[in-house]
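Here is the file structure25.csv (CSV, C-alpha atoms).
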```
chain,number,residue,atom,x,y,z
N,1,VAL,CA,104.1,126.0,191.8
N,2,LYS,CA,105.4,123.1,193.8
N,3,SER,CA,103.7,120.6,191.5
N,4,GLN,CA,105.4,122.3,188.4
N,5,ILE,CA,108.8,122.0,190.1
N,6,LEU,CA,108.2,118.4,190.9
N,7,LEU,CA,107.1,117.7,187.3
N,8,LYS,CA,110.3,119.3,185.9
N,9,PHE,CA,112.4,117.3,188.3
N,10,ILE,CA,110.8,114.0,187.3
N,11,MET,CA,111.3,114.8,183.6
N,12,PHE,CA,114.9,115.7,184.2
N,13,LEU,CA,115.5,112.4,186.0
N,14,TYR,CA,113.7,110.5,183.3
N,15,PHE,CA,115.9,111.8,180.5
N,16,THR,CA,119.0,111.4,182.5
N,17,ILE,CA,118.2,107.7,183.0
N,18,LEU,CA,117.3,107.3,179.3
N,19,LEU,CA,120.6,108.8,178.2
N,20,ALA,CA,122.6,106.6,180.6
N,21,PHE,CA,120.7,103.5,179.2
N,22,ILE,CA,121.5,104.5,175.6
N,23,GLY,CA,125.2,104.9,176.6
N,24,LEU,CA,125.2,101.3,178.0
N,25,VAL,CA,123.7,99.8,174.9
N,26,TYR,CA,126.2,101.3,172.5
N,27,SER,CA,129.3,101.4,174.6
N,28,ASP,CA,130.7,98.1,173.0
N,29,ASN,CA,130.8,99.7,169.6
N,30,GLU,CA,133.3,102.4,170.4
N,31,PHE,CA,135.4,103.4,167.3
N,32,LEU,CA,139.1,103.4,167.5
N,33,PRO,CA,141.3,106.2,166.1
N,34,ASN,CA,141.8,104.3,162.8
N,35,GLY,CA,138.0,104.1,162.3
N,36,LEU,CA,137.6,100.5,163.0
N,37,PRO,CA,135.0,99.2,165.5
N,38,ASP,CA,136.6,97.5,168.5
N,39,HIS,CA,135.3,94.0,169.3
N,40,PRO,CA,136.7,90.8,170.7
N,41,GLY,CA,138.0,89.6,167.4
N,42,MET,CA,140.3,92.5,167.0
N,43,ARG,CA,141.5,92.4,170.6
N,44,ALA,CA,142.5,88.8,169.9
N,45,GLY,CA,144.6,89.9,167.0
N,46,TYR,CA,142.3,89.3,164.1
N,47,ILE,CA,139.3,91.1,162.5
N,48,THR,CA,136.0,89.9,161.2
N,49,ASN,CA,134.7,91.8,158.1
N,50,TYR,CA,137.2,94.5,158.6
N,51,THR,CA,140.8,95.2,157.5
N,52,LYS,CA,143.4,96.9,159.6
N,53,ILE,CA,144.7,100.0,158.0
N,54,ASP,CA,148.3,99.4,159.2
N,55,THR,CA,148.5,95.8,158.1
N,56,PRO,CA,149.4,94.8,154.5
N,57,VAL,CA,146.3,93.5,152.8
N,58,VAL,CA,148.1,91.1,150.5
N,59,SER,CA,149.4,87.8,151.7
N,60,PHE,CA,151.7,85.5,149.8
N,61,THR,CA,153.6,82.2,150.0
N,62,ASN,CA,157.4,82.2,150.6
N,63,SER,CA,158.1,80.9,147.1
N,64,SER,CA,158.3,84.4,145.5
N,65,ASN,CA,156.5,87.2,147.2
N,66,THR,CA,157.8,87.3,150.7
N,67,LEU,CA,161.2,86.9,152.2
N,68,GLY,CA,161.6,86.0,155.8
N,69,SER,CA,159.3,88.3,157.8
N,70,CYS,CA,159.0,90.8,155.0
N,71,SER,CA,156.0,91.2,152.8
N,72,TYR,CA,154.7,94.0,150.6
N,73,SER,CA,151.4,96.0,150.5
N,74,ASP,CA,151.7,97.6,147.0
N,75,THR,CA,154.0,98.1,144.1
N,76,CYS,CA,155.8,101.3,143.0
N,77,SER,CA,158.2,102.4,140.3
N,78,VAL,CA,161.4,104.5,140.3
N,79,SER,CA,163.5,105.3,137.2
N,80,GLY,CA,162.0,102.3,135.3
N,81,TYR,CA,162.6,99.8,138.1
N,82,THR,CA,159.5,98.2,139.7
N,83,GLY,CA,159.7,98.1,143.4
N,84,ALA,CA,157.7,97.0,146.4
N,85,CYS,CA,156.1,99.0,149.3
N,86,VAL,CA,157.7,97.5,152.4
N,87,SER,CA,158.3,98.3,156.1
N,88,ILE,CA,161.6,100.2,156.5
N,89,SER,CA,161.8,99.8,160.2
N,90,SER,CA,161.7,96.0,159.7
N,91,SER,CA,164.9,96.2,157.5
N,92,CYS,CA,163.0,95.0,154.5
N,93,CYS,CA,165.0,97.3,152.2
N,94,SER,CA,168.4,97.2,153.8
N,95,THR,CA,170.2,96.6,150.5
N,96,GLY,CA,168.0,98.6,148.2
N,97,THR,CA,167.1,102.2,147.3
N,98,VAL,CA,164.4,103.7,149.5
N,99,THR,CA,162.0,106.3,148.0
N,100,SER,CA,159.3,108.1,150.1
N,101,GLY,CA,155.9,109.3,149.0
N,102,LEU,CA,155.1,106.5,146.6
N,103,CYS,CA,153.3,104.1,148.9
N,104,PRO,CA,149.9,104.1,150.8
N,105,GLY,CA,149.8,103.5,154.5
N,106,SER,CA,151.9,104.7,157.4
N,107,SER,CA,155.1,106.7,157.0
N,108,ASP,CA,157.1,103.5,157.6
N,109,ILE,CA,155.9,102.0,154.4
N,110,LYS,CA,158.2,103.2,151.5
N,111,CYS,CA,159.1,102.2,148.0
N,112,CYS,CA,162.1,99.8,147.8
N,113,THR,CA,163.8,99.3,144.4
N,114,GLN,CA,167.0,97.6,143.2
N,115,SER,CA,167.6,95.5,146.3
N,116,THR,CA,170.7,93.3,146.2
N,117,CYS,CA,169.9,89.6,146.2
N,118,THR,CA,172.0,86.5,146.6
N,119,THR,CA,170.9,83.2,145.1
N,120,SER,CA,172.5,79.8,145.6
N,121,SER,CA,174.7,80.5,142.5
N,122,ALA,CA,175.4,84.2,142.3
N,123,SER,CA,174.4,87.7,143.5
N,124,GLY,CA,172.2,90.1,141.5
N,125,THR,CA,169.6,92.8,141.7
N,126,CYS,CA,165.8,92.6,142.2
N,127,MET,CA,164.0,93.9,139.1
N,128,GLN,CA,161.1,92.9,136.8
N,129,THR,CA,161.8,89.9,134.7
N,130,SER,CA,161.2,91.8,131.4
N,131,LEU,CA,163.9,94.4,132.3
N,132,CYS,CA,166.3,91.6,133.4
N,133,SER,CA,165.8,89.9,130.0
N,134,SER,CA,166.5,93.2,128.2
N,135,LYS,CA,169.8,93.4,130.1
N,136,GLY,CA,170.8,89.8,129.0
N,137,GLY,CA,170.3,88.5,132.6
N,138,THR,CA,168.7,85.5,134.1
N,139,SER,CA,165.8,85.9,136.5
N,140,VAL,CA,165.7,83.7,139.6
N,141,SER,CA,162.6,83.6,141.8
N,142,GLY,CA,162.4,83.3,145.5
N,143,TYR,CA,164.9,86.0,146.5
N,144,CYS,CA,163.0,89.3,146.3
N,145,VAL,CA,160.0,90.8,148.1
N,146,GLY,CA,157.3,91.8,145.6
N,147,PRO,CA,155.0,90.5,142.9
N,148,SER,CA,155.9,87.3,141.1
N,149,ASP,CA,157.6,89.0,138.2
N,150,LEU,CA,160.0,90.9,140.5
N,151,GLN,CA,162.9,88.5,140.7
N,152,CYS,CA,166.7,88.3,141.3
N,153,CYS,CA,168.4,89.3,138.1
N,154,ILE,CA,171.8,87.6,137.5
N,155,THR,CA,173.8,89.3,134.8
N,156,GLY,CA,177.3,87.9,135.5
N,157,THR,CA,178.7,84.5,134.8
N,158,VAL,CA,177.4,81.8,137.2
N,159,THR,CA,180.1,79.5,138.3
N,160,GLY,CA,179.4,75.9,139.3
N,161,SER,CA,176.2,74.0,139.2
N,162,TYR,CA,173.6,73.7,141.9
N,163,GLY,CA,171.0,71.1,142.8
N,164,VAL,CA,168.8,69.6,145.5
N,165,ASP,CA,168.2,66.2,147.1
N,166,VAL,CA,164.8,65.4,148.5
N,167,SER,CA,163.1,62.6,150.4
N,168,THR,CA,159.5,63.5,149.4
N,169,SER,CA,157.5,63.6,146.2
N,170,ILE,CA,158.1,66.6,144.0
N,171,SER,CA,155.2,68.2,142.2
N,172,SER,CA,155.4,69.7,138.8
N,173,THR,CA,155.0,73.2,140.3
N,174,ALA,CA,157.9,72.6,142.7
N,175,ALA,CA,160.1,71.2,139.9
N,176,SER,CA,159.4,74.3,137.7
N,177,CYS,CA,160.2,76.5,140.7
N,178,PHE,CA,163.5,74.6,141.2
N,179,VAL,CA,164.5,75.5,137.6
N,180,SER,CA,163.5,79.1,138.1
N,181,SER,CA,165.7,79.1,141.3
N,182,GLY,CA,168.8,77.9,139.3
N,183,MET,CA,168.8,74.2,140.2
N,184,SER,CA,170.2,72.1,137.4
N,185,TYR,CA,170.0,68.6,139.0
N,186,ILE,CA,167.8,66.8,141.4
N,187,ILE,CA,168.5,63.6,143.5
N,188,PRO,CA,165.3,62.1,145.0
N,189,ARG,CA,165.4,59.2,147.4
N,190,GLY,CA,164.9,55.9,145.6
N,191,TYR,CA,165.3,53.4,148.4
N,192,LYS,CA,164.4,53.8,152.1
N,193,SER,CA,166.3,52.7,155.2
N,194,THR,CA,163.4,50.4,156.1
N,195,GLY,CA,164.3,48.2,153.2
N,196,SER,CA,161.9,49.1,150.4
N,197,VAL,CA,161.8,51.2,147.2
N,198,ASP,CA,160.5,54.7,147.7
N,199,THR,CA,157.6,54.7,145.2
N,200,ASN,CA,157.6,58.5,145.1
N,201,VAL,CA,160.8,58.5,143.2
N,202,CYS,CA,159.4,58.2,139.7
N,203,THR,CA,156.9,60.9,140.2
N,204,SER,CA,159.7,63.3,141.2
N,205,LEU,CA,161.9,62.2,138.3
N,206,LYS,CA,159.1,62.6,135.7
N,207,ASN,CA,158.2,66.1,137.0
N,208,ALA,CA,161.8,67.1,137.0
N,209,TYR,CA,162.2,65.8,133.5
N,210,THR,CA,159.2,67.8,132.2
N,211,ALA,CA,160.4,70.9,134.0
N,212,GLY,CA,163.7,70.7,132.2
N,213,ILE,CA,166.1,69.7,135.0
N,214,SER,CA,168.9,68.2,133.1
N,215,VAL,CA,170.4,65.7,135.6
N,216,ARG,CA,168.0,63.4,137.5
N,217,ASP,CA,169.9,60.9,139.7
N,218,VAL,CA,168.5,59.0,142.7
N,219,TYR,CA,170.0,58.1,146.1
N,220,MET,CA,169.7,54.8,147.9
N,221,PHE,CA,169.6,54.7,151.7
N,222,PRO,CA,170.3,50.9,152.2
N,223,CYS,CA,169.2,48.7,155.0
N,224,PRO,CA,172.2,46.6,156.2
N,225,THR,CA,170.2,45.1,159.0
N,226,CYS,CA,167.4,43.8,156.8
N,227,SER,CA,167.2,40.2,155.6
N,228,ALA,CA,167.5,41.2,151.9
N,229,SER,CA,171.2,41.3,150.7
N,230,ALA,CA,173.0,44.3,149.5
N,231,SER,CA,172.7,43.0,145.9
N,232,SER,CA,169.0,42.2,146.3
N,233,GLN,CA,168.2,45.7,147.6
N,234,LEU,CA,170.1,47.4,144.7
N,235,SER,CA,168.4,45.1,142.3
N,236,GLN,CA,164.9,46.1,143.6
N,237,LEU,CA,165.7,49.7,143.1
N,238,ILE,CA,167.1,49.3,139.6
N,239,THR,CA,164.2,47.1,138.5
N,240,TYR,CA,161.7,49.6,139.7
N,241,LEU,CA,163.3,52.5,138.0
N,242,ASN,CA,163.7,50.7,134.7
N,243,ALA,CA,160.1,49.5,134.8
N,244,ASN,CA,158.5,52.9,135.7
N,245,CYS,CA,160.7,55.8,134.7
N,246,ALA,CA,163.7,54.6,132.8
N,247,THR,CA,163.6,57.6,130.4
N,248,GLN,CA,163.4,60.2,133.1
N,249,TRP,CA,166.2,58.6,135.3
N,250,SER,CA,169.7,59.7,134.3
N,251,GLY,CA,171.1,56.3,135.3
N,252,ARG,CA,173.1,57.0,138.4
N,253,VAL,CA,172.6,55.8,142.0
N,254,TRP,CA,174.2,57.5,144.9
N,255,LEU,CA,174.9,55.1,147.8
N,256,ASP,CA,174.0,56.8,151.0
N,257,ILE,CA,176.7,55.7,153.5
N,258,GLU,CA,175.9,57.2,156.9
N,259,GLY,CA,174.2,56.6,160.2
N,260,SER,CA,175.9,53.9,162.3
N,261,GLN,CA,172.5,53.2,163.9
N,262,TYR,CA,171.3,51.8,160.6
N,263,TRP,CA,174.3,49.5,160.2
N,264,ILE,CA,175.2,46.1,161.5
N,265,GLY,CA,177.5,47.2,164.4
N,266,SER,CA,181.1,46.0,163.9
N,267,THR,CA,183.4,47.8,161.4
N,268,THR,CA,184.3,44.4,159.9
N,269,SER,CA,180.7,43.5,159.2
N,270,ASN,CA,179.9,47.0,157.9
N,271,LYS,CA,182.9,46.8,155.5
N,272,ALA,CA,181.7,43.4,154.2
N,273,TRP,CA,178.2,44.6,153.6
N,274,TYR,CA,179.3,47.8,152.0
N,275,GLN,CA,181.7,46.0,149.7
N,276,LYS,CA,179.0,43.8,148.4
N,277,LEU,CA,176.8,46.8,147.7
N,278,VAL,CA,179.6,48.5,145.7
N,279,ASP,CA,180.3,45.3,143.8
N,280,SER,CA,176.6,45.1,142.9
N,281,CYS,CA,176.9,48.3,140.9
N,282,SER,CA,179.1,46.4,138.4
N,283,THR,CA,176.9,43.3,138.6
N,284,TYR,CA,173.9,45.3,137.4
N,285,SER,CA,175.9,47.7,135.1
N,286,VAL,CA,174.7,50.8,136.8
N,287,THR,CA,176.7,53.9,137.5
N,288,CYS,CA,177.1,54.5,141.2
N,289,GLY,CA,178.5,57.2,143.4
N,290,VAL,CA,179.1,57.4,147.2
N,291,TYR,CA,177.5,60.0,149.6
N,292,SER,CA,179.2,60.3,153.0
N,293,SER,CA,181.4,62.5,155.2
N,294,SER,CA,184.7,61.9,156.9
N,295,SER,CA,183.1,61.5,160.3
N,296,GLN,CA,180.4,59.1,159.1
N,297,TRP,CA,183.0,57.1,157.2
N,298,SER,CA,185.2,56.7,160.2
N,299,ALA,CA,182.3,55.8,162.5
N,300,LEU,CA,181.2,53.0,160.2
N,301,PHE,CA,184.5,51.6,159.0
N,302,GLY,CA,186.9,52.4,161.8
N,303,SER,CA,189.2,54.7,159.9
N,304,LYS,CA,189.0,57.5,157.3
N,305,THR,CA,191.8,55.7,155.3
N,306,TYR,CA,189.6,52.7,154.5
N,307,SER,CA,189.2,53.2,150.7
N,308,TYR,CA,187.0,50.5,149.1
N,309,GLY,CA,185.0,52.0,146.3
N,310,SER,CA,187.1,55.1,145.9
N,311,SER,CA,187.0,54.8,142.1
N,312,LEU,CA,183.4,55.9,142.4
N,313,LYS,CA,182.6,59.7,142.5
N,314,LEU,CA,182.2,61.2,146.0
N,315,TRP,CA,179.4,63.5,147.1
N,316,TYR,CA,180.3,64.7,150.6
N,317,ALA,CA,178.4,66.5,153.3
N,318,HIS,CA,179.6,69.6,155.2
N,319,TYR,CA,176.9,72.1,156.3
N,320,ASP,CA,179.1,75.2,156.2
N,321,ASN,CA,176.8,77.2,153.9
N,322,SER,CA,179.7,77.6,151.5
N,323,ALA,CA,179.3,76.5,147.9
N,324,SER,CA,183.0,75.5,147.4
N,325,PHE,CA,185.3,72.6,148.0
N,326,SER,CA,187.8,74.7,150.0
N,327,ASP,CA,186.9,72.8,153.2
N,328,PHE,CA,187.4,69.4,151.8
N,329,SER,CA,189.9,67.0,153.5
N,330,ALA,CA,190.7,63.7,152.0
N,331,PHE,CA,189.2,60.5,153.3
N,332,GLY,CA,188.2,57.1,152.0
N,333,GLY,CA,190.7,57.2,149.2
N,334,TRP,CA,189.2,60.3,147.7
N,335,THR,CA,191.5,63.3,147.2
N,336,SER,CA,188.9,65.4,145.5
N,337,PRO,CA,185.1,65.4,145.5
N,338,HIS,CA,182.5,65.5,142.8
N,339,ALA,CA,179.8,67.3,144.8
N,340,LYS,CA,179.1,68.8,148.2
N,341,GLN,CA,175.9,69.0,150.3
N,342,TYR,CA,176.6,72.4,151.8
N,343,ILE,CA,173.2,73.3,153.3
N,344,GLY,CA,171.0,70.7,155.0
N,345,ASP,CA,167.3,70.6,156.0
N,346,THR,CA,166.3,73.9,154.4
N,347,THR,CA,163.3,74.9,152.3
N,348,LEU,CA,163.1,75.8,148.6
N,349,CYS,CA,159.9,76.3,146.6
N,350,SER,CA,158.0,75.2,149.8
N,351,VAL,CA,159.7,71.8,149.7
N,352,GLY,CA,162.1,70.5,152.3
N,353,VAL,CA,165.5,70.0,150.6
N,354,ASP,CA,169.3,69.8,151.0
N,355,LYS,CA,171.3,72.1,148.8
N,356,ASN,CA,174.3,70.9,146.8
N,357,TYR,CA,177.2,72.4,144.8
N,358,ALA,CA,179.4,70.9,142.1
N,359,VAL,CA,181.9,72.4,139.7
N,360,SER,CA,180.1,70.5,137.0
N,361,PHE,CA,177.5,67.9,138.0
```

Please re-express this file's structure in structure tokens.
Amino acid sequence: VKSQILLKFIMFLYFTILLAFIGLVYSDNEFLPNGLPDHPGMRAGYITNYTKIDTPVVSFTNSSNTLGSCSYSDTCSVSGYTGACVSISSSCCSTGTVTSGLCPGSSDIKCCTQSTCTTSSASGTCMQTSLCSSKGGTSVSGYCVGPSDLQCCITGTVTGSYGVDVSTSISSTAASCFVSSGMSYIIPRGYKSTGSVDTNVCTSLKNAYTAGISVRDVYMFPCPTCSASASSQLSQLITYLNANCATQWSGRVWLDIEGSQYWIGSTTSNKAWYQKLVDSCSTYSVTCGVYSSSSQWSALFGSKTYSYGSSLKLWYAHYDNSASFSDFSAFGGWTSPHAKQYIGDTTLCSVGVDKNYAVSF
């Protein structure tokens, strides 16, 4: 009897140890409530070979499918309007119509339709491009969360004209995106502050021309401290443009007058160099304009009343995020501007740009 009891005890101990061992082997593959195996990759914030249920499974670039921190996980439709399934708690449908029960995922993900959107030229409503066309509107990409054909529809009259200036090469894709975003002119850099032609300029002008951007000027950031004269520097730029992209260039050069650190030092010397640059425009029969601001003008020339070259058109800078001339104050002999750079160092179509406004460029 004692031997039988001892045998049963040994067998019980054996199976207890075996079960404990099995538990140790499989403890690292515990399943979480959402059905996904927990492992170091997921704890670190990413998953290998799995997809989190509560994370949108579609990722997009900022050009048309996401807006700020908002993205979408699926599409939906309400009363003929295509919408996007977005997070409501993240304020991704603060200006649209929210409809429950049309989207997969958590209860926070709901259908958002007819969001109000504001482009650089006017406000509108997010809707599919085909519907916008049937309403006689114009679709502008980059202002709505959703698939690429869900865009901001502008149905009213757009006042003013809008464009960008850039200091990098513009691809054909970016140029086409600029057109879709309502840009009607582009001003790439043609001459660098180091005293040489920016050889990216013709690539940008050609792509802008092919995309249908109607006005394609260039800007010149001169080098007053370089050995080459003002006349020589302008000549270098014009010669390069005429030799490589004369057809695609609209024919105007904007003289970028700013940055006292790039200039000679004394206001007298700065004036003399600037006047030679302005005079060179007539020498080479090229249309020129001046880009500056009241503060930059005064810093370089000692007074905002200095007015040489005021017969040229003025493109001024004031980053107040307002597409209007209501803020303009006369300087340099100009009583009214031609264009305004109202947003600086921003991104459009995945390109670093400055945004500009004009009544008619």

Check your understanding: So what do you get for atom CA of N:Arg216 versus atom CA of N:Ser250, distance-wise?
Key -> 5.2 Å

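Going from atom CA of N:Met220 to atom CA of N:Trp254 covers 6.0 Å.
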
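Of the residues listed (N:Ser172, N:Ala122, N:Met127, N:Cys223), N:Ala122 shows the shortest atom-to-atom separation from N:Ile154; distances use all atoms listed in the file.
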
Review point. Hey, what's within 12 Å of stretch 329-340 of chain N if we count only C-alpha atoms and toss same-chain stuff fewer than 4 positions away? As a ChimeraX atom specification, please?
Key: /N:160-165,185,187,254,257,289-298,300-325,344,354-361

Check your understanding: Which one of N:Leu348, N:Val140, N:Ala84, N:Cys132 sits closest to N:Thr113 if you count only C-alpha atoms?
Key -> N:Ala84

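Within the 7 Å cut-off around stretch 195-197 of chain N, using all atoms listed in the file and omitting residues fewer than 5 positions from it on the same chain, the listed residues are N:Gly190, N:Pro222, N:Cys223, N:Cys226, N:Gln236, N:Leu237.
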
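Around N:Gly96, within 9 Å and counting all atoms listed in the file, the residues found are Cys92, Cys93, Ser94, Val98, Cys112, Thr113, Gln114, Ser115, Thr116, Thr125 and Cys126 of chain N, once anything fewer than 2 positions away on its own chain is removed.
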
Exercise for review: Using atom CA of N:Arg252 and atom CA of N:Val215 as the two end points, give the distance in Å to one decimal.
Suggested key: 9.5 Å

Dump of stretch 209-239 of chain N from preceding block, C-alpha atoms, as a short mmCIF file (atom, residue, chain, number, x, y, z; two decimals), in the first residue's frame:
```
data_model
loop_
_atom_site.label_atom_id
_atom_site.label_comp_id
_atom_site.auth_asym_id
_atom_site.auth_seq_id
_atom_site.Cartn_x
_atom_site.Cartn_y
_atom_site.Cartn_z
CA TYR N 209 5.72 75.14 -68.67
CA THR N 210 4.71 71.54 -69.43
CA ALA N 211 2.34 71.48 -66.45
CA GLY N 212 0.56 74.59 -67.71
CA ILE N 213 1.75 77.23 -65.22
CA SER N 214 1.14 80.40 -67.17
CA VAL N 215 3.78 82.76 -65.72
CA ARG N 216 7.34 81.54 -65.10
CA ASP N 217 9.63 84.29 -63.81
CA VAL N 218 12.96 83.85 -62.02
CA TYR N 219 14.54 85.63 -59.08
CA MET N 220 18.14 86.70 -58.72
CA PHE N 221 19.88 86.68 -55.34
CA PRO N 222 22.92 88.83 -56.24
CA CYS N 223 26.35 88.76 -54.67
CA PRO N 224 27.52 92.36 -54.02
CA THR N 225 30.68 91.13 -52.26
CA CYS N 226 31.80 88.95 -55.18
CA SER N 227 34.42 90.12 -57.66
CA ALA N 228 31.97 90.00 -60.60
CA SER N 229 30.15 93.30 -61.15
CA ALA N 230 26.40 93.73 -60.91
CA SER N 231 26.18 93.96 -64.68
CA SER N 232 28.28 90.82 -65.14
CA GLN N 233 26.14 88.79 -62.73
CA LEU N 234 22.90 89.75 -64.45
CA SER N 235 24.50 89.01 -67.80
CA GLN N 236 25.48 85.50 -66.62
CA LEU N 237 21.90 84.76 -65.64
CA ILE N 238 20.28 86.09 -68.80
CA THR N 239 22.80 84.34 -71.04
#
```
